[in-house]
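Visitor: One structure coming up, written as structure tokens, with questions to follow.
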Amino acid sequence: MESNKGKQEMSAGRGWLYFALITTLSWGIWGALIELPEKNGFPATLGFCVWALTMLVPGIWSFKNAGWRVSTSPKNFLYGMLIGLAGAGGQLILFTSALTLGPAYLIFPIISLSPILTILMSYLFLKERVSKIVWMGIALAVVSIPMLSYSTPESNTGSDLWWLIFALIVFIAWGIQAFYIKLANASMKAEEIFVYMTICGLVLMPVAWWMTDFDQAINYSWSGMYAAAGIQLLNSIGAIALVFALRHGKAIVVSPLTNSAAPLLTVLISLFLYQFIPHVVILIGMVLALVATFFIAYGEEK
């Protein structure tokens, strides 16, 4: 009996890691494929609309598991809407504003450092503490994230600094979102949190629709809209897995782990699919991310 109980406790203890790995796998593949629909003529604004609809798949599952109800207490409603709008709003701003005004090689390294904000807030307000080896992993993950987002300078660097303002908004939104997902898990079910995230994505759909230029040719075929649906579903699966990872694990650990390991997988997939040869900066980031993943997973398991 004691042996079985010990096994159950070990399984529950590493549950956060299983969910974090699902997020890493889903977002890693998503990152490698996300450009394909837009390159095939399906605009990013409609890609956002498709993403919001794919959120309904895990969203309905979550709603069912929550007993077809969600907490609407003032505190939980505020948490849920803040989490949902931070995530969906950040994604909308990124793809419809920041990347249309400024260079990706500067924008992605900025927003990919959002775990720094999550780590600071979790350390200060949630009093989360980890071992020295995990701190080493967190530090390596934070360093590796912008390196994995590196790309060579493009000719278009933006006509002004509005792109920087939008990039900083996304940085703050996603850093805050991860913190509040962890905080909200203490007072509501993970499934309820994801229902709020789904609702907020749907609420912002009309904004993305309004921003779409329908005078351009739009690819509604399998290589456009339907490809976007399949790819964005991976994003949604990664999002719900992240909510559960943050429920069972520490935000100070989960956030840097998923934000370093997912880009690493994206680079590896791109290497095979597109014969993409990584820049030396990316290669160094890959090594650091691998070491960081081991340190964080090993340190938390001990």
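Residue numbering restarts at 1 in every chain; chains get A, B, ... in the order shown in the structure tokens, and ligands count up from 1 in that same order.
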For Pro43 of chain A, find every residue with an atom within 9 Å (counting only C-alpha atoms), except residues of its own chain fewer than 3 positions away, and show them as a ChimeraX atom specification.

Guide: /A:37-40,46-48,212-213,218-219,224

Visitor: Go ahead and write the selection's residues with C-alpha atoms as a CSV table (one decimal), in the first residue's frame.

Guide:
```csv
chain,number,residue,atom,x,y,z
A,37,PRO,CA,-0.9,29.7,-44.3
A,38,GLU,CA,0.0,33.4,-44.6
A,39,LYS,CA,2.7,32.6,-47.2
A,40,ASN,CA,-0.1,30.8,-49.1
A,46,LEU,CA,-8.1,35.8,-40.3
A,47,GLY,CA,-5.5,33.4,-38.9
A,48,PHE,CA,-6.4,34.9,-35.5
A,212,THR,CA,-8.7,42.3,-42.5
A,213,ASP,CA,-8.2,43.6,-46.0
A,218,ILE,CA,-7.6,35.2,-49.8
A,219,ASN,CA,-6.8,31.5,-49.9
A,224,GLY,CA,-4.8,28.4,-46.6
```

Visitor: Could you list, as a list in words, every residue within 7 Å of segment 82-99 of chain A, counting only C-alpha atoms and ignoring same-chain residues fewer than 5 positions away?

Guide: Ala44, Thr45, Phe48, Ala104, Trp163, Phe166, Ala167, Val170, Ala173, Trp174, Gln177, Tyr180, Ile181, Tyr196, Met197, Cys200 and Gly201 of chain A

Visitor: Could you check the closest approach to Ser26 of chain A for each of A:Leu290, A:Val243, A:Val267, A:Ile237 and tell me which residue wins, using only C-alpha atoms?

Guide: A:Ile237

Visitor: Here is a test: counting only C-alpha atoms, which residue of A:Ala178, A:Ala20, A:Ile169, A:Ala292 is nearest to Ile107 of chain A?

Guide: A:Ile169

Visitor: If you run DSSP on the backbone here, which positions in segment 9-243 of chain A get helix (DSSP H, G or I)? Please write them as a PyMOL selection string.

Guide: chain A and resi 9-13+15-33+35-39+44-54+56-65+74-101+104-111+114-125+132-148+162-184+190-203+205-210+222-243

Visitor: Go through segment 214-286 of chain A and flag each residue having an atom no more than 12 Å from segment 133-139 of chain A; for those, report the closest pair of atoms plus their distance in Å to one decimal, using only C-alpha atoms, ordered by chain and rising number, as CSV.

Guide:
```
residue,atom,partner,partner_atom,distance
A:Lys250,CA,A:Val134,CA,11.2
A:Ala251,CA,A:Ile138,CA,11.2
A:Ile252,CA,A:Ile138,CA,8.1
A:Val253,CA,A:Ile138,CA,6.9
A:Val254,CA,A:Ile138,CA,9.5
A:Ser255,CA,A:Ile138,CA,9.1
A:Pro256,CA,A:Ile138,CA,6.1
A:Leu257,CA,A:Ile138,CA,7.4
A:Thr258,CA,A:Ile138,CA,10.8
A:Asn259,CA,A:Ile138,CA,10.6
A:Ser260,CA,A:Ile138,CA,9.5
A:Ala261,CA,A:Gly137,CA,11.6
```

Visitor: Keeping only N, CA, C and O atoms, take the residues you just selected and write them out as a compact mmCIF listing (two decimals), in the first residue's frame.

Guide:
```txt
# COMPACT_ATOMS: atom_id res chain seq x y z
N LYS A 250 5.34 25.16 -10.50
CA LYS A 250 5.64 26.54 -10.13
C LYS A 250 5.77 27.40 -11.39
O LYS A 250 6.44 27.02 -12.34
N ALA A 251 5.13 28.57 -11.35
CA ALA A 251 5.21 29.48 -12.50
C ALA A 251 6.65 29.89 -12.77
O ALA A 251 7.04 30.09 -13.92
N ILE A 252 7.44 29.99 -11.72
CA ILE A 252 8.82 30.40 -11.84
C ILE A 252 9.65 29.38 -12.61
O ILE A 252 10.74 29.67 -13.11
N VAL A 253 9.12 28.14 -12.71
CA VAL A 253 9.79 27.05 -13.43
C VAL A 253 9.14 26.79 -14.78
O VAL A 253 9.82 26.68 -15.81
N VAL A 254 7.81 26.68 -14.79
CA VAL A 254 7.08 26.32 -16.01
C VAL A 254 7.28 27.34 -17.12
O VAL A 254 7.51 26.98 -18.28
N SER A 255 7.18 28.62 -16.78
CA SER A 255 7.25 29.67 -17.80
C SER A 255 8.57 29.69 -18.56
O SER A 255 8.57 29.65 -19.80
N PRO A 256 9.73 29.72 -17.88
CA PRO A 256 10.98 29.71 -18.66
C PRO A 256 11.24 28.40 -19.38
O PRO A 256 11.85 28.39 -20.46
N LEU A 257 10.77 27.29 -18.80
CA LEU A 257 10.98 25.99 -19.45
C LEU A 257 10.26 25.91 -20.78
O LEU A 257 10.85 25.58 -21.82
N THR A 258 8.96 26.23 -20.79
CA THR A 258 8.18 26.13 -22.03
C THR A 258 8.61 27.17 -23.05
O THR A 258 8.59 26.92 -24.26
N ASN A 259 9.04 28.34 -22.57
CA ASN A 259 9.42 29.40 -23.50
C ASN A 259 10.82 29.23 -24.08
O ASN A 259 11.20 29.95 -25.00
N SER A 260 11.59 28.30 -23.55
CA SER A 260 12.89 28.00 -24.14
C SER A 260 12.86 26.70 -24.93
O SER A 260 13.48 26.59 -25.99
N ALA A 261 12.13 25.71 -24.42
CA ALA A 261 12.11 24.40 -25.08
C ALA A 261 11.28 24.42 -26.37
O ALA A 261 11.65 23.76 -27.35
```

Visitor: Could you check which of A:Ser187, A:Gln216, A:Ser112, A:Ile282 is closest to Pro74 of chain A, using only C-alpha atoms?

Guide: A:Ser187

Visitor: I'd like the neighbourhood of Thr118 of chain A as a list of chain:residue names, where a residue qualifies if any of its atoms comes within 6 Å (using only C-alpha atoms), though same-chain residues fewer than 3 positions away should be ignored.

Guide: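 Result of the neighbour search: A:Pro115, A:Met121, A:Ser122, A:Gly175, A:Phe179.
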
Visitor: With only C-alpha atoms as the counted atoms, please give the residues lying no more than 9 Å from Pro263 of chain A, apart from itself and same-chain residues fewer than 3 positions off, as JSON, numbers by chain.

Guide: {"A": [24, 27, 28, 31, 32, 145, 148, 149, 258, 259, 260, 266, 267, 268, 286]}

Visitor: Nearest to Gly249 of chain A: which of A:Asn76, A:Lys64, A:Ile296, A:Trp30 is it, counting only C-alpha atoms?

Guide: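 For Gly249 of chain A, the nearest of the given residues is A:Ile296.
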
Visitor: In Å, how far is it from atom CA of Leu273 of chain A to atom CA of Leu242 of chain A?

Guide: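 Computing it gives 26.1 Å between the two atoms.
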
Visitor: Using only C-alpha atoms, determine which residues lie at most 8 Å from Ile110 of chain A, disregarding the query and same-chain residues fewer than 3 positions distant; provide the list as an mmCIF file with C-alpha atoms, in the first residue's frame.

Guide:
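That gives us result.cif:
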```
data_model
loop_
_atom_site.group_PDB
_atom_site.id
_atom_site.type_symbol
_atom_site.label_atom_id
_atom_site.label_comp_id
_atom_site.auth_asym_id
_atom_site.auth_seq_id
_atom_site.Cartn_x
_atom_site.Cartn_y
_atom_site.Cartn_z
ATOM 1 C CA LEU A 106 14.090 42.642 -32.863
ATOM 2 C CA ILE A 107 10.478 41.964 -31.879
ATOM 3 C CA LEU A 113 11.689 37.394 -22.535
ATOM 4 C CA SER A 114 8.204 37.650 -20.986
ATOM 5 C CA PRO A 146 16.228 35.582 -27.296
ATOM 6 C CA ALA A 167 6.275 44.593 -28.681
ATOM 7 C CA LEU A 168 6.569 45.835 -25.085
ATOM 8 C CA PHE A 171 5.888 41.327 -23.454
#
```

Visitor: Have a look at A:Ile60, A:Leu161, A:Val50, A:Ala184 and name the one nearest to Ile231 of chain A; count only C-alpha atoms.

Guide: A:Val50

Visitor: Record the distance separating atom CA of Ile34 of chain A and atom CA of Arg247 of chain A, expressed in Å with one decimal.

Guide: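 One can read the atom CA of Ile34 of chain A to atom CA of Arg247 of chain A distance as 27.4 Å.
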
Visitor: Using Å and a single decimal, report how far atom CA of Leu36 of chain A sits from atom CA of Leu234 of chain A.

Guide: 14.2 Å
